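J.: Have a peek at work14.csv (CSV, C-alpha atoms).
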chain,number,residue,atom,x,y,z
A,4,MET,CA,295.2,94.3,-134.9
A,5,LYS,CA,294.6,93.9,-138.7
A,6,LEU,CA,291.0,93.2,-139.6
A,7,ARG,CA,289.8,91.4,-142.7
A,8,PRO,CA,287.7,93.4,-145.1
A,9,TYR,CA,284.5,91.5,-144.2
A,10,GLN,CA,285.2,92.3,-140.5
A,11,GLU,CA,285.5,96.0,-141.3
A,12,ARG,CA,282.3,95.8,-143.3
A,13,ILE,CA,280.4,94.2,-140.4
A,14,ILE,CA,281.7,96.9,-138.0
A,15,GLN,CA,280.5,99.6,-140.3
A,16,ALA,CA,277.1,97.8,-140.5
A,17,LEU,CA,276.9,97.8,-136.7
A,18,ARG,CA,277.9,101.5,-136.5
A,19,VAL,CA,275.2,102.4,-139.1
A,20,ARG,CA,272.5,100.7,-137.1
A,21,TYR,CA,273.6,102.2,-133.8
A,22,SER,CA,273.7,105.7,-135.5
A,23,ARG,CA,270.1,105.1,-136.6
A,24,GLY,CA,269.1,104.8,-132.9
A,25,LEU,CA,269.1,101.0,-132.4
A,26,ARG,CA,270.7,100.1,-129.1
A,27,ARG,CA,270.6,96.3,-128.9
A,28,LEU,CA,272.0,94.3,-131.8
A,29,VAL,CA,273.0,90.6,-132.4
A,30,LEU,CA,276.1,90.0,-134.5
A,31,VAL,CA,275.9,86.6,-136.3
A,32,MET,CA,279.2,85.4,-137.7
A,33,ALA,CA,280.3,81.8,-138.4
A,34,THR,CA,282.6,80.1,-135.9
A,35,GLY,CA,286.1,81.2,-136.6
A,36,ALA,CA,285.1,84.3,-138.6
A,37,GLY,CA,286.3,86.7,-135.9
A,38,LYS,CA,283.5,87.7,-133.6
A,39,THR,CA,286.1,88.3,-130.9
A,40,ALA,CA,288.3,90.4,-133.3
A,41,VAL,CA,285.3,92.5,-134.2
A,42,SER,CA,284.5,92.9,-130.5
A,43,ARG,CA,288.0,93.9,-129.7
A,44,GLU,CA,287.9,96.7,-132.4
A,45,MET,CA,284.5,97.8,-131.1
A,46,ILE,CA,285.9,98.0,-127.6
A,47,ARG,CA,289.0,99.9,-128.7
A,48,ALA,CA,286.9,102.5,-130.5
A,49,ALA,CA,284.5,102.9,-127.6
A,50,LEU,CA,287.4,103.4,-125.1
A,51,GLU,CA,289.0,106.0,-127.5
A,52,ARG,CA,285.7,107.9,-127.2
A,53,GLY,CA,285.8,107.8,-123.4
A,54,ARG,CA,283.1,105.1,-123.1
A,55,ARG,CA,283.2,102.2,-120.7
A,56,VAL,CA,282.8,98.6,-121.8
A,57,ILE,CA,282.0,95.2,-120.3
A,58,PHE,CA,282.5,92.0,-122.3
A,59,VAL,CA,280.4,89.2,-120.6
A,60,VAL,CA,281.1,85.5,-121.2
A,61,ASP,CA,280.0,82.2,-119.9
A,62,LEU,CA,283.3,80.2,-120.0
A,63,ASP,CA,286.3,80.9,-117.8
A,64,GLU,CA,288.7,80.1,-120.7
A,65,VAL,CA,287.1,82.8,-122.8
A,66,VAL,CA,287.5,85.4,-120.0
A,67,ASP,CA,291.3,84.8,-119.9
A,68,ASP,CA,291.7,84.5,-123.7
A,69,THR,CA,289.7,87.7,-124.4
A,70,ALA,CA,291.5,89.7,-121.7
A,71,ARG,CA,294.8,88.5,-123.0
A,72,GLY,CA,293.9,89.5,-126.6
A,73,LEU,CA,292.8,93.0,-125.4
A,74,GLN,CA,296.0,93.4,-123.5
A,75,GLU,CA,298.0,92.3,-126.6
A,76,ASP,CA,296.2,95.1,-128.5
A,77,GLY,CA,297.3,97.6,-125.9
A,78,ILE,CA,293.9,97.8,-124.3
A,79,PRO,CA,294.0,97.7,-120.5
A,80,CYS,CA,291.1,95.7,-119.0
A,81,GLY,CA,290.1,94.3,-115.6
A,82,ILE,CA,288.8,90.8,-115.1
A,83,ILE,CA,285.7,90.0,-113.1
A,84,GLN,CA,285.9,86.3,-112.4
A,85,ALA,CA,285.8,84.0,-109.4
A,86,GLY,CA,289.2,84.0,-107.6
A,87,LYS,CA,290.2,87.3,-109.1
A,88,LEU,CA,290.2,90.7,-107.3
A,89,TYR,CA,287.8,93.3,-108.7
A,90,GLN,CA,289.5,96.6,-109.4
A,91,GLU,CA,287.0,99.4,-109.5
A,92,GLY,CA,287.2,102.4,-111.9
A,93,LEU,CA,288.6,100.7,-115.1
A,94,GLY,CA,287.2,101.5,-118.5
A,95,CYS,CA,286.9,97.9,-119.7
A,96,TYR,CA,286.2,94.6,-118.0
A,97,VAL,CA,286.0,91.1,-119.2
A,98,CYS,CA,283.5,89.4,-117.0
A,99,SER,CA,282.2,86.0,-116.1
A,100,LEU,CA,278.4,86.0,-116.3
A,101,GLN,CA,278.3,83.8,-113.2
A,102,THR,CA,280.5,86.0,-111.2
A,103,LEU,CA,278.6,89.2,-112.1
A,104,THR,CA,275.4,87.5,-111.1
A,105,ALA,CA,276.7,85.9,-107.9
A,106,ARG,CA,278.4,89.2,-106.7
A,107,GLY,CA,275.6,91.5,-107.9
A,108,LEU,CA,278.2,93.6,-109.7
A,109,ARG,CA,277.1,96.2,-112.3
A,110,PRO,CA,280.2,98.1,-113.3
A,111,PRO,CA,279.4,101.2,-115.3
A,112,ALA,CA,279.2,100.5,-119.0
A,113,ASP,CA,278.2,102.3,-122.2
A,114,LEU,CA,278.8,99.2,-124.3
A,115,VAL,CA,277.7,95.7,-123.1
A,116,ILE,CA,278.9,92.8,-125.2
A,117,LEU,CA,277.4,89.3,-124.4
A,118,ASP,CA,279.3,86.4,-126.0
A,119,GLU,CA,277.3,83.4,-127.1
A,120,CYS,CA,274.1,85.4,-126.6
A,121,HIS,CA,271.9,82.5,-127.9
A,122,CYS,CA,272.6,80.6,-124.7
A,123,PHE,CA,271.0,83.1,-122.4
A,124,ALA,CA,267.3,83.6,-122.3
A,125,ALA,CA,267.3,83.2,-118.5
A,126,ALA,CA,265.8,85.8,-116.2
A,127,LEU,CA,269.1,86.5,-114.5
A,128,THR,CA,270.8,87.3,-117.8
A,129,LEU,CA,267.9,89.6,-118.9
A,130,GLU,CA,268.1,91.3,-115.5
A,131,LEU,CA,271.8,91.9,-116.0
A,132,LEU,CA,271.3,93.3,-119.5
A,133,SER,CA,268.4,95.4,-118.4
A,134,ALA,CA,270.6,97.0,-115.8
A,135,TYR,CA,272.1,99.0,-118.7
A,136,PRO,CA,269.1,100.6,-120.4
A,137,GLU,CA,271.1,103.5,-121.9
A,138,ALA,CA,274.0,101.3,-123.1
A,139,TRP,CA,274.6,100.0,-126.6
A,140,HIS,CA,274.3,96.2,-126.5
A,141,LEU,CA,276.0,93.7,-128.8
A,142,GLY,CA,275.1,90.0,-128.6
A,143,LEU,CA,277.6,87.6,-130.3
A,144,THR,CA,276.6,84.3,-131.8
A,145,ALA,CA,277.3,81.9,-134.6
A,146,THR,CA,274.0,80.2,-133.8
A,147,PRO,CA,271.1,82.7,-133.8
A,148,GLN,CA,268.7,80.1,-132.6
A,149,ARG,CA,268.7,78.3,-129.3
A,150,GLY,CA,269.1,74.5,-129.3
A,151,ASP,CA,265.9,74.1,-127.2
A,152,GLY,CA,263.9,76.1,-129.8
A,153,THR,CA,263.4,79.0,-127.4
A,154,SER,CA,263.7,82.4,-129.1
A,155,LEU,CA,266.4,85.0,-128.2
A,156,GLY,CA,263.5,86.9,-126.7
A,157,THR,CA,262.6,90.5,-127.2
A,158,PHE,CA,265.7,92.1,-125.7
A,159,TYR,CA,267.6,92.5,-129.0
A,160,GLN,CA,266.2,94.6,-131.8
A,161,GLU,CA,268.0,93.4,-134.9
A,162,ILE,CA,270.3,90.7,-136.2
A,163,VAL,CA,273.3,91.8,-138.2
A,164,GLN,CA,275.0,89.2,-140.4
Show me this structure written as structure tokens.
T.:
Amino acid sequence: MKLRPYQERIIQALRVRYSRGLRRLVLVMATGAGKTAVSREMIRAALERGRRVIFVVDLDEVVDDTARGLQEDGIPCGIIQAGKLYQEGLGCYVCSLQTLTARGLRPPADLVILDECHCFAAALTLELLSAYPEAWHLGLTATPQRGDGTSLGTFYQEIVQ
């Protein structure tokens, strides 16, 4: 996949912060600017280094679209979603948050990406994220503020725009 120059710059900014020891970042990009494209590149790079990845989303359509995009990039991934069989041992999964929570699944991951992270301040989401204390975390949002005025909490360490 060909990235735009601003997408390459944001990936570099994320990598610099991770290299400085930060583990939990929020990526803020406008709707349509390519958060998923940036994520797909981060996933590709992590898998090339032998790391495992989960991409967690709230909407079923996003599960299918993201998995399809990764497969188009030549990145094999499993899907964890209601009605679909869980295949253990894969390096990358695109996951429904509700299915992970309902099934109590915690596939191994070195990189945890949470799409639309501004929506999730609930205890169950924080419990899921906290199950990966050694992982790098990347929250994605175009809206770094919740509609109800609640903060994103203390889980994430820094916002990258």
J.: Would you work out the distance separating atom CA of A:Leu103 from atom CA of A:Val59, expressed in Å to one decimal?
T.: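 It comes out at 8.7 Å.
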J.: With all atoms listed in the file as the counted atoms, please give the residues lying no more than 7 Å from A:Ile162, apart from itself and same-chain residues fewer than 2 positions off, as a PyMOL selection string.
T.: chain A and resi 28-31+164
J.: Using only C-alpha atoms, which residue out of A:Asp63, A:Ile116, A:Gly37, A:Ile83 lies closest to A:Ala49?
T.: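 That would be A:Ile116, the residue with the smallest distance to A:Ala49.
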J.: Report as a Markdown table: every residue of stretch 52-77 of chain A with an atom at most 9 Å from stretch 43-47 of chain A, its closest pair of atoms, and their distance in Å to one decimal, counting all atoms listed in the file, with rows sorted by chain and ascending residue number.
T.:
| residue | atom | partner | partner_atom | distance |
| --- | --- | --- | --- | --- |
| A:Arg52 | CA | A:Arg47 | CA | 8.8 |
| A:Arg54 | CA | A:Ile46 | CA | 8.9 |
| A:Arg55 | CA | A:Ile46 | CA | 8.5 |
| A:Val56 | CA | A:Ile46 | CA | 6.6 |
| A:Ile57 | CA | A:Ile46 | CA | 8.7 |
| A:Phe58 | CA | A:Ile46 | CA | 8.7 |
| A:Thr69 | CA | A:Arg43 | CA | 8.3 |
| A:Gly72 | CA | A:Arg43 | CA | 8.0 |
| A:Leu73 | CA | A:Arg43 | CA | 6.5 |
| A:Asp76 | CA | A:Arg43 | CA | 8.4 |
J.: Quick one: write out the picked residues with C-alpha atoms as a short mmCIF file (atom, residue, chain, number, x, y, z; two decimals), in the frame of the given file?
T.:
data_model
loop_
_atom_site.label_atom_id
_atom_site.label_comp_id
_atom_site.auth_asym_id
_atom_site.auth_seq_id
_atom_site.Cartn_x
_atom_site.Cartn_y
_atom_site.Cartn_z
CA ARG A 52 285.70 107.90 -127.20
CA ARG A 54 283.10 105.10 -123.10
CA ARG A 55 283.20 102.20 -120.70
CA VAL A 56 282.80 98.60 -121.80
CA ILE A 57 282.00 95.20 -120.30
CA PHE A 58 282.50 92.00 -122.30
CA THR A 69 289.70 87.70 -124.40
CA GLY A 72 293.90 89.50 -126.60
CA LEU A 73 292.80 93.00 -125.40
CA ASP A 76 296.20 95.10 -128.50
#
J.: Kindly give the distance, in Å, that separates atom CA of A:Glu137 and atom CA of A:Ala16, rounded to a single decimal.
T.: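 Distance between the two atoms: 20.4 Å.
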